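Structure data follow from work_10.cif (mmCIF, N, CA and C atoms):
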data_upload
#
loop_
_atom_site.label_atom_id
_atom_site.label_comp_id
_atom_site.auth_asym_id
_atom_site.auth_seq_id
_atom_site.Cartn_x
_atom_site.Cartn_y
_atom_site.Cartn_z
N MET X 165 18.67 6.37 8.28
CA MET X 165 18.67 6.28 9.71
C MET X 165 19.03 4.87 10.15
N ALA X 166 18.75 3.88 9.32
CA ALA X 166 19.04 2.50 9.70
C ALA X 166 20.52 2.26 9.98
N PRO X 167 21.45 2.79 9.16
CA PRO X 167 22.86 2.59 9.50
C PRO X 167 23.25 3.23 10.82
N ILE X 168 22.68 4.40 11.10
CA ILE X 168 22.98 5.07 12.36
C ILE X 168 22.48 4.22 13.54
N LEU X 169 21.27 3.71 13.40
CA LEU X 169 20.73 2.87 14.48
C LEU X 169 21.56 1.61 14.66
N GLY X 170 22.05 1.05 13.57
CA GLY X 170 22.91 -0.13 13.68
C GLY X 170 24.17 0.17 14.46
N VAL X 171 24.78 1.31 14.16
CA VAL X 171 26.00 1.70 14.88
C VAL X 171 25.69 1.97 16.34
N VAL X 172 24.59 2.67 16.60
CA VAL X 172 24.22 3.01 17.97
C VAL X 172 23.93 1.74 18.78
N PHE X 173 23.22 0.79 18.19
CA PHE X 173 22.92 -0.45 18.91
C PHE X 173 24.20 -1.24 19.20
N GLU X 174 25.13 -1.22 18.26
CA GLU X 174 26.39 -1.94 18.46
C GLU X 174 27.21 -1.29 19.58
N VAL X 175 27.26 0.05 19.55
CA VAL X 175 28.03 0.77 20.56
C VAL X 175 27.34 0.69 21.93
N ALA X 176 26.01 0.66 21.93
CA ALA X 176 25.25 0.66 23.19
C ALA X 176 25.55 -0.58 24.03
N SER X 177 25.92 -1.67 23.38
CA SER X 177 26.19 -2.87 24.15
C SER X 177 27.44 -2.73 25.02
N SER X 178 28.33 -1.83 24.61
CA SER X 178 29.55 -1.67 25.40
C SER X 178 29.69 -0.30 26.05
N ASN X 179 29.06 0.73 25.47
CA ASN X 179 29.24 2.08 25.99
C ASN X 179 27.94 2.87 25.78
N LEU X 180 27.03 2.76 26.70
CA LEU X 180 25.71 3.39 26.57
C LEU X 180 25.76 4.92 26.48
N PRO X 181 26.53 5.63 27.32
CA PRO X 181 26.55 7.10 27.20
C PRO X 181 27.03 7.57 25.82
N TYR X 182 28.03 6.89 25.26
CA TYR X 182 28.52 7.26 23.94
C TYR X 182 27.45 7.04 22.87
N ALA X 183 26.68 5.96 23.01
CA ALA X 183 25.61 5.67 22.06
C ALA X 183 24.53 6.74 22.14
N ILE X 184 24.21 7.18 23.34
CA ILE X 184 23.22 8.24 23.50
C ILE X 184 23.70 9.53 22.88
N ILE X 185 24.97 9.86 23.06
CA ILE X 185 25.54 11.07 22.47
C ILE X 185 25.52 10.98 20.94
N LEU X 186 25.83 9.81 20.38
CA LEU X 186 25.78 9.64 18.93
C LEU X 186 24.37 9.86 18.40
N LEU X 187 23.39 9.27 19.04
CA LEU X 187 22.01 9.41 18.61
C LEU X 187 21.53 10.85 18.76
N LEU X 188 21.92 11.51 19.83
CA LEU X 188 21.56 12.91 20.05
C LEU X 188 22.19 13.80 18.99
N ALA X 189 23.46 13.57 18.67
CA ALA X 189 24.13 14.37 17.64
C ALA X 189 23.48 14.17 16.29
N PHE X 190 23.11 12.94 15.97
CA PHE X 190 22.43 12.69 14.70
C PHE X 190 21.09 13.42 14.66
N GLY X 191 20.34 13.35 15.75
CA GLY X 191 19.03 14.02 15.80
C GLY X 191 19.14 15.52 15.66
N ILE X 192 20.11 16.12 16.34
CA ILE X 192 20.30 17.57 16.25
C ILE X 192 20.71 17.97 14.83
N GLY X 193 21.64 17.22 14.24
CA GLY X 193 22.07 17.53 12.88
C GLY X 193 20.95 17.37 11.87
N HIS X 194 20.18 16.32 12.02
CA HIS X 194 19.09 16.05 11.09
C HIS X 194 18.00 17.11 11.21
N CYS X 195 17.62 17.44 12.43
CA CYS X 195 16.55 18.42 12.65
C CYS X 195 16.98 19.83 12.31
N SER X 196 18.26 20.16 12.49
CA SER X 196 18.71 21.52 12.18
C SER X 196 18.60 21.80 10.69
N ILE X 197 18.83 20.80 9.85
CA ILE X 197 18.67 20.99 8.41
C ILE X 197 17.21 21.24 8.06
N ILE X 198 16.31 20.52 8.70
CA ILE X 198 14.88 20.71 8.44
C ILE X 198 14.44 22.09 8.90
N VAL X 199 14.89 22.53 10.06
CA VAL X 199 14.54 23.86 10.57
C VAL X 199 15.12 24.93 9.64
N LEU X 200 16.35 24.76 9.20
CA LEU X 200 16.97 25.72 8.29
C LEU X 200 16.21 25.80 6.98
N ALA X 201 15.80 24.66 6.44
CA ALA X 201 15.04 24.65 5.19
C ALA X 201 13.70 25.35 5.38
N GLY X 202 13.07 25.14 6.52
CA GLY X 202 11.79 25.79 6.79
C GLY X 202 11.91 27.30 6.92
N THR X 203 12.97 27.76 7.54
CA THR X 203 13.13 29.21 7.71
C THR X 203 13.61 29.89 6.44
N MET X 204 14.22 29.13 5.55
CA MET X 204 14.73 29.70 4.30
C MET X 204 13.79 29.45 3.12
N SER X 205 12.56 29.02 3.37
CA SER X 205 11.66 28.62 2.28
C SER X 205 11.34 29.78 1.34
N LYS X 206 11.23 30.99 1.86
CA LYS X 206 10.93 32.13 0.99
C LYS X 206 12.09 32.41 0.05
N LYS X 207 13.31 32.36 0.56
CA LYS X 207 14.48 32.58 -0.30
C LYS X 207 14.60 31.48 -1.35
N VAL X 208 14.34 30.26 -0.95
CA VAL X 208 14.42 29.14 -1.89
C VAL X 208 13.37 29.31 -2.98
N GLN X 209 12.16 29.71 -2.62
CA GLN X 209 11.10 29.90 -3.60
C GLN X 209 11.45 31.04 -4.56
N GLU X 210 12.04 32.11 -4.06
CA GLU X 210 12.47 33.20 -4.94
C GLU X 210 13.53 32.70 -5.92
N TYR X 211 14.46 31.88 -5.45
CA TYR X 211 15.49 31.33 -6.32
C TYR X 211 14.87 30.42 -7.38
N LEU X 212 13.92 29.57 -6.97
CA LEU X 212 13.29 28.66 -7.93
C LEU X 212 12.48 29.42 -8.97
N ASN X 213 11.80 30.47 -8.56
CA ASN X 213 11.06 31.29 -9.53
C ASN X 213 12.01 31.97 -10.50
N TRP X 214 13.17 32.39 -10.02
CA TRP X 214 14.14 33.04 -10.90
C TRP X 214 14.67 32.05 -11.92
N THR X 215 14.99 30.84 -11.49
CA THR X 215 15.59 29.89 -12.41
C THR X 215 14.58 29.34 -13.41
N GLU X 216 13.28 29.30 -13.09
CA GLU X 216 12.30 28.81 -14.03
C GLU X 216 12.19 29.74 -15.24
N ASN X 217 12.39 31.01 -15.04
CA ASN X 217 12.25 31.98 -16.11
C ASN X 217 13.57 32.30 -16.80
N SER X 218 14.64 31.69 -16.40
CA SER X 218 15.95 32.00 -16.93
C SER X 218 16.22 31.23 -18.21
N LYS X 219 16.86 31.90 -19.19
CA LYS X 219 17.22 31.25 -20.44
C LYS X 219 18.34 30.24 -20.22
N VAL X 220 19.20 30.50 -19.26
CA VAL X 220 20.32 29.61 -18.98
C VAL X 220 19.80 28.24 -18.55
N VAL X 221 18.76 28.20 -17.73
CA VAL X 221 18.19 26.94 -17.27
C VAL X 221 17.62 26.16 -18.46
N SER X 222 17.01 26.86 -19.40
CA SER X 222 16.49 26.21 -20.60
C SER X 222 17.61 25.53 -21.38
N TYR X 223 18.74 26.21 -21.53
CA TYR X 223 19.88 25.62 -22.24
C TYR X 223 20.46 24.43 -21.48
N ILE X 224 20.53 24.56 -20.16
CA ILE X 224 21.06 23.46 -19.35
C ILE X 224 20.16 22.23 -19.47
N LYS X 225 18.84 22.42 -19.47
CA LYS X 225 17.91 21.30 -19.62
C LYS X 225 18.10 20.62 -20.97
N LYS X 226 18.29 21.41 -22.01
CA LYS X 226 18.49 20.84 -23.35
C LYS X 226 19.81 20.07 -23.42
N ILE X 227 20.85 20.62 -22.83
CA ILE X 227 22.16 19.94 -22.83
C ILE X 227 22.06 18.63 -22.04
N CYS X 228 21.40 18.67 -20.90
CA CYS X 228 21.25 17.45 -20.10
C CYS X 228 20.42 16.41 -20.85
N GLY X 229 19.40 16.85 -21.57
CA GLY X 229 18.60 15.91 -22.36
C GLY X 229 19.43 15.23 -23.43
N VAL X 230 20.28 16.01 -24.12
CA VAL X 230 21.16 15.44 -25.14
C VAL X 230 22.14 14.46 -24.49
N LEU X 231 22.67 14.80 -23.33
CA LEU X 231 23.60 13.89 -22.65
C LEU X 231 22.92 12.59 -22.24
N VAL X 232 21.67 12.66 -21.81
CA VAL X 232 20.94 11.44 -21.43
C VAL X 232 20.72 10.57 -22.67
N ILE X 233 20.36 11.20 -23.78
CA ILE X 233 20.16 10.44 -25.02
C ILE X 233 21.47 9.81 -25.47
N LEU X 234 22.56 10.55 -25.43
CA LEU X 234 23.86 10.00 -25.81
C LEU X 234 24.27 8.87 -24.88
N GLY X 235 23.99 9.01 -23.59
CA GLY X 235 24.28 7.94 -22.64
C GLY X 235 23.48 6.68 -22.95
N GLY X 236 22.21 6.85 -23.33
CA GLY X 236 21.38 5.71 -23.71
C GLY X 236 21.90 5.02 -24.96
N ILE X 237 22.30 5.81 -25.95
CA ILE X 237 22.88 5.24 -27.18
C ILE X 237 24.16 4.49 -26.86
N TYR X 238 24.98 5.04 -26.00
CA TYR X 238 26.23 4.38 -25.60
C TYR X 238 25.94 3.05 -24.91
N MET X 239 24.94 3.06 -24.01
CA MET X 239 24.59 1.82 -23.29
C MET X 239 24.11 0.76 -24.27
N ILE X 240 23.32 1.16 -25.26
CA ILE X 240 22.87 0.19 -26.28
C ILE X 240 24.05 -0.30 -27.10
N TYR X 241 24.96 0.60 -27.43
CA TYR X 241 26.12 0.24 -28.24
C TYR X 241 27.02 -0.76 -27.53
N ILE X 242 27.28 -0.57 -26.23
CA ILE X 242 28.19 -1.49 -25.54
C ILE X 242 27.51 -2.82 -25.24
N THR X 243 26.17 -2.85 -25.23
CA THR X 243 25.45 -4.10 -24.98
C THR X 243 25.54 -5.02 -26.19
N TYR X 244 25.52 -4.46 -27.38
CA TYR X 244 25.56 -5.26 -28.59
C TYR X 244 26.91 -5.17 -29.17
#

Take the structure in the file and give it back as structure tokens.
Amino acid sequence: MAPILGVVFEVASSNLPYAIILLLAFGIGHCSIIVLAGTMSKKVQEYLNWTENSKVVSYIKKICGVLVILGGIYMIYITY
């Protein structure tokens, strides 16, 4: 939010109505995502429950773990 406020304060010095519109648009966009997430919470929870029990997720976690370890080894290798 800090970058948005910086832009709004800069614009407000020369064009107050435009600054108000920018802040209003940011607020509407930000709040609409929160409202959407709140109304879709049951669907999201069903999806999360499905993925916790899925074998595919288990394989993806293992692959990501191996990639993190390989990345760590690479970082040590390029340091020395």

Have a look at atom CA of X:Leu200 and atom C of X:Ile184 and let me know their distance in Å, one decimal.
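Going from atom CA of X:Leu200 over to atom C of X:Ile184 covers 22.8 Å.
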
For atom CA of X:Ile237 and atom CA of X:Ser222, quote the distance in Å rounded to one decimal.
22.9 Å

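Compared by their closest atoms to X:Val172, and using all atoms listed in the file, the residues X:Val232, X:Tyr244, X:Met204, X:Leu186 rank with X:Leu186 nearest.
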